[in-house]
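Engineer: After the structure tokens below, expect a handful of questions from me.
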Amino acid sequence: MTLETFAFLLASGLVLGGLYALMASGLAVVWTTLGVFNFAHGAMIALGAYIAWQVTQYTTGGAGFLLGAGVSVAIMFCLGFAMHYVLVKPFELHANLVLLAVITTLAAASIMENAILLSWGPRDKQIAPPFTGNIEFLGTAIGIHDFVILAIALAALLALALFLRRTTAGRALRAVAQNREAAELMGFNVSRLVAMTIGLSAATAALAGVFVGSLRFISPTVGTDPLMKSLIVVILGGVTRFTSPIYAAFIVGLAEAFSAYFLVLYWAPAVLFAMMIIVLLIKPEGLFGRRTRTL
Amino acid sequence: MSAPLLELRGLSGGYPPVSVFRGVDMTVGNNEAVGLFGPNGHGKTTLLKTVAGLIDPRDGDIFFAGERLNTEGKMRPRTSRHLNYDLFRRRRISAESVVRQGLIYVMQGNLLFPEMTVEEVLDIAPQAARGRGGAAQMRDLVDAVFPRLRERWHSKIRFLSGGERQMVSIAAGLLALPRLLILDEPTLGLSPKLRIELCEAIAKIRAENVPLIVVDQNVEFLTSLVDRLYLFDHGAITREIDGSAMPSHEEVMTMMFGEAH
Amino acid sequence: MKYAPSFQRTNGFWPVVIALCIAAALPFFFTETHIRHILILIFVYAILASNWDLSLGYGGIVNFAHIAFFAIGLYTYGIAAKIIGLDPWLALLLAPVLAIAFAALLAIPVLRLEGIYVILVTIAAAQLLFQLVVSQGDFTGGTSGMVLIPRLEIVGYRLSSDGRIGYYYLSLLLVVFSTVFLYKLERSALGRAIKALRDNKYYAISRGVSEGRIRLLTLCASAIFPGLAGAFYGAYLRIASPDVFGLGFLTITLSILLLGGISTIWGPLIAAVVITAFAEILADYGASRSIIIAAMIIAVVVVYPGGLYAAMQEIWGLGTRLRTNVTAAWRRRFQASLRQEAMGVKDHLVETRHGPVSVCDTGNGDQTIIFVHGNSSCKEVFRRQFDEFAGQYRLVTFDLPGHGVSPNGNPDEDYAVEAYAEIIRNLVDSLDLKTPIVFGWSLGGYAALEYAARGTP
């Protein structure tokens, strides 16, 4: 393997890692707060991408891209906020919460995917990457767009982490995730905070969707593959801390990029899933996690 | 005498369909400390959780500072086992509004937020008291009563001992500017040394004229602290003892379980 | 040891017989192959969902690789019959064997994990299998799947050229076998162990239930019929496509299970009929069909998480309550004289905290005796005591809620010894009985003891 190939694989692995980190952190935030796995996350990624695509149809270029991302993130935040009241809150106290939430989020995913199909049709679309041109990196040309995506993804994650650690509102969210009853006794509106958490998760999904949409073609089911990848990431990393899925995301991104080069293309995902099962067997709490779930 | 600070009228409740306590009448006057004593597992905590708004009361009313905290009427019995009542039933009481009113319940054996530091917990605690004055004095009081917390300021809660956790719990309750503070078994499971330290701290808080409801298994501590004592047994208040004639441990035991306990 | 009554003596016997007769007769009314195809699909879904319930509902193991059992059956049949060239019937029998083997493999990680991790590892296992199927294009046809899989023949008779009648009865037979299997299993010692492990794991283990063995058996047992159904599906449609691994197929099956009601055998069967038929009615709406069905699923889960079968039972219960209430009211209204003849006094309703109860009260005398009757009895059992003591004491007796001619009570509150004691207390207050002697028979004895324990004079 030449240095150029290595650099190319490294760069693409890092971009993938950034994307996966964005998606997985969204999944992990909901999981730690509610103990619920959100199967609609993939559909949220798709919906976010389509909303941004619609905006870029009116405004083009870099401004259109950023505006599209902004609009998409805002709409998806509201949708995620509302989703809590429809899909989770009604049976919050039910013994079968986890199972019921699985079916409601699966149904919500089906609704979103088919709504996309109805509104935008089955034809593949692509969000025009606004930043063209390449830069030299260890001898290969890497698209500026890739770097922009990686930078925005990292910035968004940093912003989210700072929000959760440093602001009172973010600390309140973490309080709800760690001990719901105690949070209620502190006078917090727990339902609204949980809804906000799902909103934040949907917003990160939208952002990831915009990036996926500018790297690949988007179709109504574009979110399924990223959903599965985020699942691997979340398991590998564990969810006990906000940062643990992020490391895992880069490991998975790099592993995917390199294994696609070294192995037959079809085998790469199988390797990842096998890896995930082995990690679950040996260290169920994840590579970087602890057993308790907290935010 | 002016209206009592807290008044429970015929309060019944529990976890449907199980009724845990029935027809509880209880008052706490302004500037009064009231004790609640009774065997474990007879519904004291469930009663206090209901007052704090975590559980809907089945019947009866809770008045705090002259205002009704719960909605009127009684909880309708369920006729279907599977219908999702949470969807149709309005909460009769919400912890959020109770806490906003200044009725602060400090839970028994509270684990709080294991991954947050003392500083973070005490930072979010005053949220409930937004818009009310007196936060600065309360911070001074907390510093004076619990000097230990300053030493553990940046430790995560899960690294604290049980007693330190209880201190953080009470401190967080104080920072919410309580008009009435409910302490549920604050000394449960603590080492004797910490227990003494905590009892002294609670006495200091009482000295600042914070109205209290205290549940504890130690009669001597309770009687030295409170103005009135309620005995609680089998989900109901069985006796009310006035401050002038505080009984000894033995006397309380006899009242509760008869001569042959 | 036998605790449950045999099936012939349960309430469910006749409905099942009738449903079976209808199912056996259906193909003669629906001669269109399309409708027969839908019916076969219903049976396949019913098998998948009801067997999933074994692990998910009864076992409490949220196994998201359940559909993979079906897929393994499908591909085993396809590969064995088409590529290896095995006899189709042998291939059909090989399918569940491989499905069980996969279930046993799956049990290894599942046993070590709990809660949401079980969901995740089973999803991962199913995905791993999917990736393997897709990557082995030479055997499995890759993403486009396998076509022209051999069909089944019975001594030269081709099952595919008869308007699907043969396949219809074969699938019906599968459903019947699967249901009998589940019914027997649920009532066996193994079934009880499975449920015990779900409800209170540590207690069950301390009573000698082996967690590992039972979990393993649960997963393997839940794989048998999905594996068979998968092979049947391959023989029937003659294609095998990796779509069966998709979220869509899983969503439909899981909806059938949850809408039918978990931890019931009949619920998923009923829901399979309802949902598949409903989807067929909406067949012309394309993408909006999926939206309507998904919205309906959310609505049902949110409003009535118990599911269809629980709803049917509750409606049945409501009917019974209404019927008994009407009978009691009718007897109060028109048969009062009959009872007066027996007891010597007329009964009347007295309001208590637990609803009105019917009371007989002789009304005179200083010392009162209250008679409390036993379970499933009524106040008239005390007619001889009333004859005997009428002159010496004031005699009072009453029908407990839901007994005799008293109206039904609220099941959550009124049918308990504490409630009965409270009723006695209410009667003592409202009839001014002072310090009565309370005589209790059987259940009434418990009520009398509880009344005494409350320390009321």
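Letters A, B, ... mark the chains of the structure tokens in the order given; residue numbers begin at 1 per chain; ligand numbers begin at 1, in order shown.
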Go through segment 94-216 of chain C and collect every residue that DSSP, computed from the backbone, puts in strand (DSSP E or B); the answer should be as a ChimeraX atom specification.

Structural biologist: /C:146,153-154,157-158

Engineer: Quick one: which chain B residues come within 6 Å of chain A, and what is the nearest atom pair for each with the distance in Å to one decimal, counting only C-alpha atoms, rows ordered by chain and ascending number, as JSON lines?

Structural biologist:
```
{"residue": "B:Leu87", "atom": "CA", "partner": "A:Pro90", "partner_atom": "CA", "distance": 5.4}
{"residue": "B:Glu96", "atom": "CA", "partner": "A:Gly187", "partner_atom": "CA", "distance": 4.2}
{"residue": "B:Val99", "atom": "CA", "partner": "A:Gly187", "partner_atom": "CA", "distance": 5.1}
{"residue": "B:Phe113", "atom": "CA", "partner": "A:Gln178", "partner_atom": "CA", "distance": 5.2}
{"residue": "B:Ile124", "atom": "CA", "partner": "A:Thr168", "partner_atom": "CA", "distance": 6.0}
{"residue": "B:Ala128", "atom": "CA", "partner": "A:Gly187", "partner_atom": "CA", "distance": 5.1}
```

Engineer: Sorted by chain and rising residue number, which residues of chain C lie within 6 Å of chain A, and what are their closest atom pairs and distances in Å to one decimal, counting only C-alpha atoms, as CSV?

Structural biologist:
```
residue,atom,partner,partner_atom,distance
C:Pro109,CA,A:Leu281,CA,5.7
C:Ala124,CA,A:Phe273,CA,5.8
C:Leu128,CA,A:Ala270,CA,5.3
C:Gln131,CA,A:Ala270,CA,5.4
C:Ser135,CA,A:Tyr266,CA,5.2
C:Ala287,CA,A:Asn114,CA,5.4
C:Ile291,CA,A:Ile111,CA,4.7
C:Ala294,CA,A:Ala107,CA,4.8
C:Ile298,CA,A:Thr104,CA,5.4
```

Engineer: Would you export the selected residues with C-alpha atoms as a CSV table (one decimal), in the first residue's frame, please?

Structural biologist:
```csv
chain,number,residue,atom,x,y,z
C,109,PRO,CA,-24.5,-14.2,23.5
C,124,ALA,CA,-26.5,-7.7,14.9
C,128,LEU,CA,-24.5,-10.6,10.1
C,131,GLN,CA,-24.5,-9.8,5.1
C,135,SER,CA,-22.0,-11.8,0.1
C,287,ALA,CA,-47.4,4.4,0.0
C,291,ILE,CA,-48.7,5.3,6.6
C,294,ALA,CA,-48.3,2.4,10.9
C,298,ILE,CA,-49.2,3.6,17.0
```

Engineer: Using only C-alpha atoms, which residues of chain C come within 10 Å of chain B, and what is the closest atom pair for each, with the distance in Å to one decimal? Give it as CSV, sorted by chain and residue number.

Structural biologist:
```
residue,atom,partner,partner_atom,distance
C:Val300,CA,B:Leu83,CA,9.9
C:Val301,CA,B:Asn84,CA,8.9
C:Val302,CA,B:Asn84,CA,7.0
C:Val303,CA,B:Asn84,CA,5.2
C:Tyr304,CA,B:Leu83,CA,4.7
C:Pro305,CA,B:His82,CA,6.4
C:Gly306,CA,B:His82,CA,4.9
C:Gly307,CA,B:His82,CA,8.1
C:Ala310,CA,B:His82,CA,7.2
C:Ala311,CA,B:His82,CA,7.7
C:Glu314,CA,B:Ser80,CA,7.2
C:Ile315,CA,B:Ser80,CA,9.5
C:Gly317,CA,B:Ser80,CA,9.9
C:Leu318,CA,B:Ser80,CA,9.2
C:Asn410,CA,B:Thr79,CA,7.3
C:Pro411,CA,B:Thr79,CA,8.1
C:Asp412,CA,B:Pro17,CA,5.5
C:Glu413,CA,B:Pro17,CA,6.9
```

Engineer: Considering only C-alpha atoms, return as a ChimeraX atom specification whatever protein or nucleic-acid residues lie within 8 Å of Ala193 of chain C, sequence-local ones (same chain, fewer than 4 positions apart) excluded.

Structural biologist: /C:189,197,204,209,214

Engineer: Pull C-alpha atoms from the residues just selected and write them as a JSON list (two decimals), in the first residue's frame.

Structural biologist:
```json
[["chain", "number", "residue", "atom", "x", "y", "z"],
["C", 189, "ALA", "CA", -43.42, -27.90, 33.23],
["C", 197, "LEU", "CA", -37.77, -17.11, 34.69],
["C", 204, "ALA", "CA", -36.87, -19.04, 39.74],
["C", 209, "VAL", "CA", -34.76, -23.57, 37.36],
["C", 214, "ILE", "CA", -34.35, -22.88, 29.85]]
```

Engineer: So which residues touch segment 429-435 of chain C within 12 Å, counting only C-alpha atoms, skipping near sequence neighbours fewer than 5 positions away, as a compact mmCIF listing (two decimals) with all heavy atoms, in the first residue's frame?

Structural biologist:
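The resulting file, around11.txt, is shown below:
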```
# COMPACT_ATOMS: atom_id res chain seq x y z
N HIS C 348 -83.31 -5.35 51.54
CA HIS C 348 -83.25 -4.03 50.90
C HIS C 348 -81.79 -3.65 50.70
O HIS C 348 -80.88 -4.21 51.32
CB HIS C 348 -83.96 -3.00 51.79
CG HIS C 348 -83.37 -2.90 53.16
ND1 HIS C 348 -83.65 -3.82 54.15
CD2 HIS C 348 -82.52 -2.00 53.71
CE1 HIS C 348 -83.00 -3.50 55.25
NE2 HIS C 348 -82.30 -2.40 55.01
N LEU C 349 -81.56 -2.70 49.81
CA LEU C 349 -80.19 -2.28 49.49
C LEU C 349 -79.72 -1.24 50.50
O LEU C 349 -80.45 -0.33 50.85
CB LEU C 349 -80.12 -1.68 48.09
CG LEU C 349 -80.19 -2.66 46.92
CD1 LEU C 349 -80.03 -1.90 45.61
CD2 LEU C 349 -79.11 -3.72 47.05
N VAL C 350 -78.48 -1.40 50.98
CA VAL C 350 -77.89 -0.40 51.85
C VAL C 350 -76.60 0.08 51.19
O VAL C 350 -75.79 -0.72 50.72
CB VAL C 350 -77.58 -1.00 53.24
CG1 VAL C 350 -76.83 0.02 54.11
CG2 VAL C 350 -78.85 -1.44 53.92
N GLU C 351 -76.42 1.40 51.14
CA GLU C 351 -75.24 1.98 50.49
C GLU C 351 -74.02 1.83 51.41
O GLU C 351 -74.11 2.07 52.62
CB GLU C 351 -75.51 3.46 50.21
CG GLU C 351 -74.58 4.10 49.20
CD GLU C 351 -74.66 3.44 47.83
OE1 GLU C 351 -75.78 3.16 47.34
OE2 GLU C 351 -73.59 3.21 47.27
N THR C 352 -72.87 1.37 50.85
CA THR C 352 -71.64 1.32 51.64
C THR C 352 -70.53 1.96 50.82
O THR C 352 -70.76 2.39 49.68
CB THR C 352 -71.21 -0.13 51.94
OG1 THR C 352 -70.80 -0.74 50.70
CG2 THR C 352 -72.33 -0.93 52.56
N ARG C 353 -69.34 2.03 51.41
CA ARG C 353 -68.21 2.61 50.69
C ARG C 353 -67.86 1.78 49.46
O ARG C 353 -67.22 2.25 48.53
CB ARG C 353 -66.99 2.68 51.61
CG ARG C 353 -66.07 3.85 51.33
CD ARG C 353 -64.87 3.81 52.23
NE ARG C 353 -63.80 3.01 51.68
CZ ARG C 353 -63.02 3.37 50.67
NH1 ARG C 353 -63.17 4.52 50.11
NH2 ARG C 353 -62.06 2.59 50.23
N VAL C 359 -79.31 -6.34 52.02
CA VAL C 359 -79.25 -6.66 53.45
C VAL C 359 -80.58 -7.23 53.93
O VAL C 359 -81.64 -6.76 53.54
CB VAL C 359 -78.91 -5.40 54.26
CG1 VAL C 359 -78.91 -5.71 55.75
CG2 VAL C 359 -77.57 -4.83 53.85
N CYS C 360 -80.50 -8.27 54.78
CA CYS C 360 -81.67 -8.76 55.50
C CYS C 360 -81.50 -8.39 56.96
O CYS C 360 -80.45 -8.67 57.55
CB CYS C 360 -81.76 -10.29 55.40
SG CYS C 360 -82.80 -10.85 54.08
N ASP C 361 -82.49 -7.80 57.55
CA ASP C 361 -82.36 -7.29 58.91
C ASP C 361 -83.67 -7.54 59.65
O ASP C 361 -84.72 -7.05 59.23
CB ASP C 361 -82.04 -5.79 58.83
CG ASP C 361 -81.90 -5.15 60.19
OD1 ASP C 361 -81.90 -5.90 61.19
OD2 ASP C 361 -81.77 -3.91 60.24
N THR C 362 -83.61 -8.34 60.74
CA THR C 362 -84.86 -8.60 61.46
C THR C 362 -85.29 -7.39 62.29
O THR C 362 -86.44 -7.28 62.69
CB THR C 362 -84.72 -9.82 62.38
OG1 THR C 362 -83.62 -9.58 63.28
CG2 THR C 362 -84.47 -11.08 61.60
N GLY C 363 -84.34 -6.51 62.60
CA GLY C 363 -84.71 -5.19 63.09
C GLY C 363 -84.93 -5.05 64.57
O GLY C 363 -84.80 -3.96 65.10
N ASN C 364 -85.27 -6.14 65.33
CA ASN C 364 -85.52 -5.92 66.75
C ASN C 364 -84.59 -6.79 67.60
O ASN C 364 -84.03 -7.78 67.12
CB ASN C 364 -86.98 -6.22 67.09
CG ASN C 364 -87.44 -7.52 66.44
OD1 ASN C 364 -86.60 -8.29 65.95
ND2 ASN C 364 -88.72 -7.76 66.43
N GLY C 365 -84.40 -6.42 68.82
CA GLY C 365 -83.49 -7.14 69.69
C GLY C 365 -82.31 -6.26 70.06
O GLY C 365 -81.91 -5.39 69.29
N ASP C 366 -81.71 -6.50 71.25
CA ASP C 366 -80.62 -5.66 71.72
C ASP C 366 -79.29 -6.10 71.13
O ASP C 366 -78.49 -5.31 70.68
CB ASP C 366 -80.54 -5.71 73.25
CG ASP C 366 -81.81 -5.16 73.87
OD1 ASP C 366 -82.39 -4.26 73.24
OD2 ASP C 366 -82.21 -5.66 74.94
N GLN C 367 -79.06 -7.40 71.16
CA GLN C 367 -77.80 -7.92 70.69
C GLN C 367 -77.96 -8.34 69.22
O GLN C 367 -78.91 -9.03 68.86
CB GLN C 367 -77.38 -9.13 71.53
CG GLN C 367 -76.09 -9.77 71.09
CD GLN C 367 -74.91 -8.81 71.17
OE1 GLN C 367 -74.67 -8.19 72.21
NE2 GLN C 367 -74.21 -8.66 70.06
N THR C 368 -77.00 -7.87 68.42
CA THR C 368 -77.07 -8.18 67.00
C THR C 368 -76.09 -9.30 66.66
O THR C 368 -74.98 -9.34 67.21
CB THR C 368 -76.73 -6.95 66.15
OG1 THR C 368 -77.53 -5.88 66.60
CG2 THR C 368 -76.95 -7.21 64.68
N ILE C 369 -76.51 -10.18 65.76
CA ILE C 369 -75.54 -11.10 65.16
C ILE C 369 -75.50 -10.78 63.67
O ILE C 369 -76.54 -10.71 63.00
CB ILE C 369 -75.96 -12.58 65.32
CG1 ILE C 369 -76.22 -12.90 66.79
CG2 ILE C 369 -74.87 -13.50 64.77
CD1 ILE C 369 -76.66 -14.34 67.03
N ILE C 370 -74.28 -10.57 63.14
CA ILE C 370 -74.13 -10.37 61.70
C ILE C 370 -73.59 -11.67 61.11
O ILE C 370 -72.58 -12.20 61.59
CB ILE C 370 -73.15 -9.22 61.37
CG1 ILE C 370 -73.64 -7.92 62.00
CG2 ILE C 370 -73.01 -9.05 59.86
CD1 ILE C 370 -72.70 -6.76 61.75
N TYR C 393 -82.30 -12.63 69.07
CA TYR C 393 -81.32 -11.63 68.67
C TYR C 393 -81.85 -10.82 67.52
O TYR C 393 -82.77 -11.23 66.82
CB TYR C 393 -80.01 -12.31 68.23
CG TYR C 393 -79.33 -13.10 69.32
CD1 TYR C 393 -79.50 -14.48 69.39
CD2 TYR C 393 -78.53 -12.46 70.26
CE1 TYR C 393 -78.87 -15.21 70.38
CE2 TYR C 393 -77.90 -13.18 71.25
CZ TYR C 393 -78.07 -14.55 71.32
OH TYR C 393 -77.45 -15.27 72.30
N ARG C 394 -81.17 -9.67 67.29
CA ARG C 394 -81.40 -8.97 66.04
C ARG C 394 -80.46 -9.61 65.02
O ARG C 394 -79.23 -9.66 65.24
CB ARG C 394 -81.08 -7.49 66.20
CG ARG C 394 -81.20 -6.71 64.90
CD ARG C 394 -81.03 -5.23 65.12
NE ARG C 394 -81.08 -4.52 63.85
CZ ARG C 394 -80.91 -3.22 63.73
NH1 ARG C 394 -80.69 -2.48 64.81
NH2 ARG C 394 -80.98 -2.64 62.56
N LEU C 395 -81.00 -10.11 63.92
CA LEU C 395 -80.18 -10.84 62.95
C LEU C 395 -79.99 -10.00 61.69
O LEU C 395 -80.94 -9.45 61.15
CB LEU C 395 -80.85 -12.16 62.56
CG LEU C 395 -81.14 -13.09 63.73
CD1 LEU C 395 -81.91 -14.30 63.25
CD2 LEU C 395 -79.87 -13.51 64.43
N VAL C 396 -78.73 -9.89 61.25
CA VAL C 396 -78.43 -9.14 60.02
C VAL C 396 -77.55 -10.01 59.14
O VAL C 396 -76.60 -10.62 59.63
CB VAL C 396 -77.69 -7.82 60.34
CG1 VAL C 396 -77.26 -7.12 59.06
CG2 VAL C 396 -78.57 -6.88 61.16
N THR C 397 -77.88 -10.08 57.89
CA THR C 397 -76.96 -10.73 56.95
C THR C 397 -77.04 -9.99 55.62
O THR C 397 -77.97 -9.23 55.37
CB THR C 397 -77.28 -12.22 56.76
OG1 THR C 397 -76.29 -12.80 55.92
CG2 THR C 397 -78.64 -12.42 56.14
N GLU C 422 -64.69 -3.47 55.70
CA GLU C 422 -65.19 -2.09 55.66
C GLU C 422 -66.70 -2.05 55.45
O GLU C 422 -67.40 -1.21 56.00
CB GLU C 422 -64.48 -1.31 54.55
CG GLU C 422 -63.53 -0.28 55.10
CD GLU C 422 -62.69 0.35 53.99
OE1 GLU C 422 -63.27 1.03 53.14
OE2 GLU C 422 -61.46 0.13 53.98
N ILE C 423 -67.21 -3.00 54.64
CA ILE C 423 -68.65 -3.07 54.41
C ILE C 423 -69.37 -3.38 55.73
O ILE C 423 -70.36 -2.74 56.08
CB ILE C 423 -68.98 -4.14 53.35
CG1 ILE C 423 -68.48 -3.68 51.98
CG2 ILE C 423 -70.49 -4.39 53.29
CD1 ILE C 423 -68.60 -4.72 50.90
N ILE C 424 -68.80 -4.34 56.47
CA ILE C 424 -69.41 -4.68 57.76
C ILE C 424 -69.47 -3.44 58.64
O ILE C 424 -70.49 -3.11 59.24
CB ILE C 424 -68.62 -5.80 58.47
CG1 ILE C 424 -68.58 -7.05 57.59
CG2 ILE C 424 -69.24 -6.11 59.83
CD1 ILE C 424 -67.72 -8.17 58.16
N TYR C 451 -62.38 -7.64 60.35
CA TYR C 451 -63.19 -6.63 61.04
C TYR C 451 -62.77 -6.56 62.50
O TYR C 451 -62.58 -5.48 63.07
CB TYR C 451 -64.68 -7.01 60.93
CG TYR C 451 -65.60 -6.10 61.69
CD1 TYR C 451 -65.85 -4.81 61.21
CD2 TYR C 451 -66.20 -6.51 62.87
CE1 TYR C 451 -66.69 -3.97 61.91
CE2 TYR C 451 -67.04 -5.67 63.57
CZ TYR C 451 -67.28 -4.39 63.08
OH TYR C 451 -68.10 -3.55 63.77
N ALA C 452 -62.54 -7.73 63.11
CA ALA C 452 -62.12 -7.75 64.50
C ALA C 452 -60.73 -7.14 64.64
O ALA C 452 -60.46 -6.37 65.57
CB ALA C 452 -62.12 -9.18 65.02
N GLY C 455 -59.98 -3.52 65.25
CA GLY C 455 -60.15 -2.97 66.58
C GLY C 455 -61.44 -2.23 66.77
O GLY C 455 -61.62 -1.54 67.77
N THR C 456 -62.38 -2.34 65.82
CA THR C 456 -63.66 -1.68 66.01
C THR C 456 -64.50 -2.52 66.98
O THR C 456 -64.49 -3.74 66.89
CB THR C 456 -64.39 -1.53 64.66
OG1 THR C 456 -64.01 -2.62 63.85
CG2 THR C 456 -64.04 -0.24 64.00
N PRO C 457 -65.19 -1.91 67.88
CA PRO C 457 -65.92 -2.65 68.92
C PRO C 457 -67.08 -3.47 68.34
O PRO C 457 -67.62 -3.10 67.31
CB PRO C 457 -66.44 -1.56 69.85
CG PRO C 457 -66.44 -0.32 69.05
CD PRO C 457 -65.33 -0.45 68.05
```

Engineer: Rounded to one decimal, what separation in Å do you get between atom CA of Tyr50 of chain A and atom CA of Phe77 of chain A?

Structural biologist: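 Straight-line distance from atom CA of Tyr50 of chain A to atom CA of Phe77 of chain A works out to 14.9 Å.
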
Engineer: Find the residues around Ile119 of chain C up to 7 Å (only C-alpha atoms counted), leave out those fewer than 4 positions away in its own chain, and share them as a PyMOL selection string.

Structural biologist: chain C and resi 62-64+123

Engineer: Restrict the selected residues to N, CA and C atoms and save them as a PDB file, in the first residue's frame.

Structural biologist:
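Output file selection_24.pdb is given in full below:
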```pdb
ATOM      1  N   VAL C  62     -36.143 -10.556  24.286  1.00  0.00           N
ATOM      2  CA  VAL C  62     -36.530  -9.742  23.137  1.00  0.00           C
ATOM      3  C   VAL C  62     -35.622 -10.080  21.967  1.00  0.00           C
ATOM      4  N   ASN C  63     -35.990 -11.141  21.255  1.00  0.00           N
ATOM      5  CA  ASN C  63     -35.142 -11.689  20.208  1.00  0.00           C
ATOM      6  C   ASN C  63     -35.491 -11.084  18.853  1.00  0.00           C
ATOM      7  N   PHE C  64     -34.648 -10.173  18.381  1.00  0.00           N
ATOM      8  CA  PHE C  64     -34.925  -9.545  17.091  1.00  0.00           C
ATOM      9  C   PHE C  64     -34.342 -10.347  15.929  1.00  0.00           C
ATOM     10  N   ILE C 123     -30.240  -8.113  16.796  1.00  0.00           N
ATOM     11  CA  ILE C 123     -30.259  -7.359  15.537  1.00  0.00           C
ATOM     12  C   ILE C 123     -28.937  -7.587  14.807  1.00  0.00           C
TER      13      ILE C 123
END
```

Engineer: Write out as a list in words the residues lying within 8 Å of Met167 of chain B, counting only C-alpha atoms and excluding same-chain residues fewer than 6 positions away.

Structural biologist: Phe146, Leu149 and Leu198 of chain B

Engineer: For the residues in that selection, give me all heavy atoms as a tab-separated table (two decimals), in the first residue's frame.

Structural biologist:
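Output file selection.tsv follows:
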```tsv
chain	number	residue	atom	x	y	z
B	146	PHE	N	-23.02	22.52	55.99
B	146	PHE	CA	-22.32	21.38	55.38
B	146	PHE	C	-20.94	21.80	54.87
B	146	PHE	O	-20.71	21.83	53.66
B	146	PHE	CB	-23.12	20.81	54.22
B	146	PHE	CG	-24.48	20.31	54.61
B	146	PHE	CD1	-25.63	20.87	54.07
B	146	PHE	CD2	-24.61	19.26	55.51
B	146	PHE	CE1	-26.88	20.40	54.42
B	146	PHE	CE2	-25.86	18.79	55.87
B	146	PHE	CZ	-26.99	19.35	55.34
B	149	LEU	N	-19.07	19.66	52.14
B	149	LEU	CA	-19.37	19.63	50.70
B	149	LEU	C	-18.35	20.43	49.90
B	149	LEU	O	-18.02	20.07	48.77
B	149	LEU	CB	-20.78	20.16	50.43
B	149	LEU	CG	-21.91	19.30	50.97
B	149	LEU	CD1	-23.24	19.84	50.51
B	149	LEU	CD2	-21.74	17.87	50.49
B	198	LEU	N	-24.86	14.64	60.85
B	198	LEU	CA	-26.04	15.02	60.08
B	198	LEU	C	-27.15	15.53	61.00
B	198	LEU	O	-27.84	16.50	60.68
B	198	LEU	CB	-26.52	13.82	59.27
B	198	LEU	CG	-27.35	14.17	58.05
B	198	LEU	CD1	-26.53	14.97	57.06
B	198	LEU	CD2	-27.86	12.91	57.38
```

Engineer: From the set C:Ile165, C:Val175, C:Val44, C:Ala71, which residue has the shortest atom-to-atom contact distance to Phe28 of chain C, counting only C-alpha atoms?

Structural biologist: C:Ile165

Engineer: Skip segment 183-185 of chain C itself and residues of its chain fewer than 4 positions away, then list as a list in words all residues within 12 Å of it, counting only C-alpha atoms.

Structural biologist: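 Returned residues: Ala4, Ser6, Phe7, Gly12, Ser50, Asn51, Asp53, Leu54, Tyr58, Val175, Val176, Phe177, Ser178, Thr179, Ala189, Leu190, Gly191, Arg192, Ala193, Ile194, Lys195, Leu217, Thr218, Ala221, Ser222, Ser263, Thr264, Ile265 and Trp266 of chain C.
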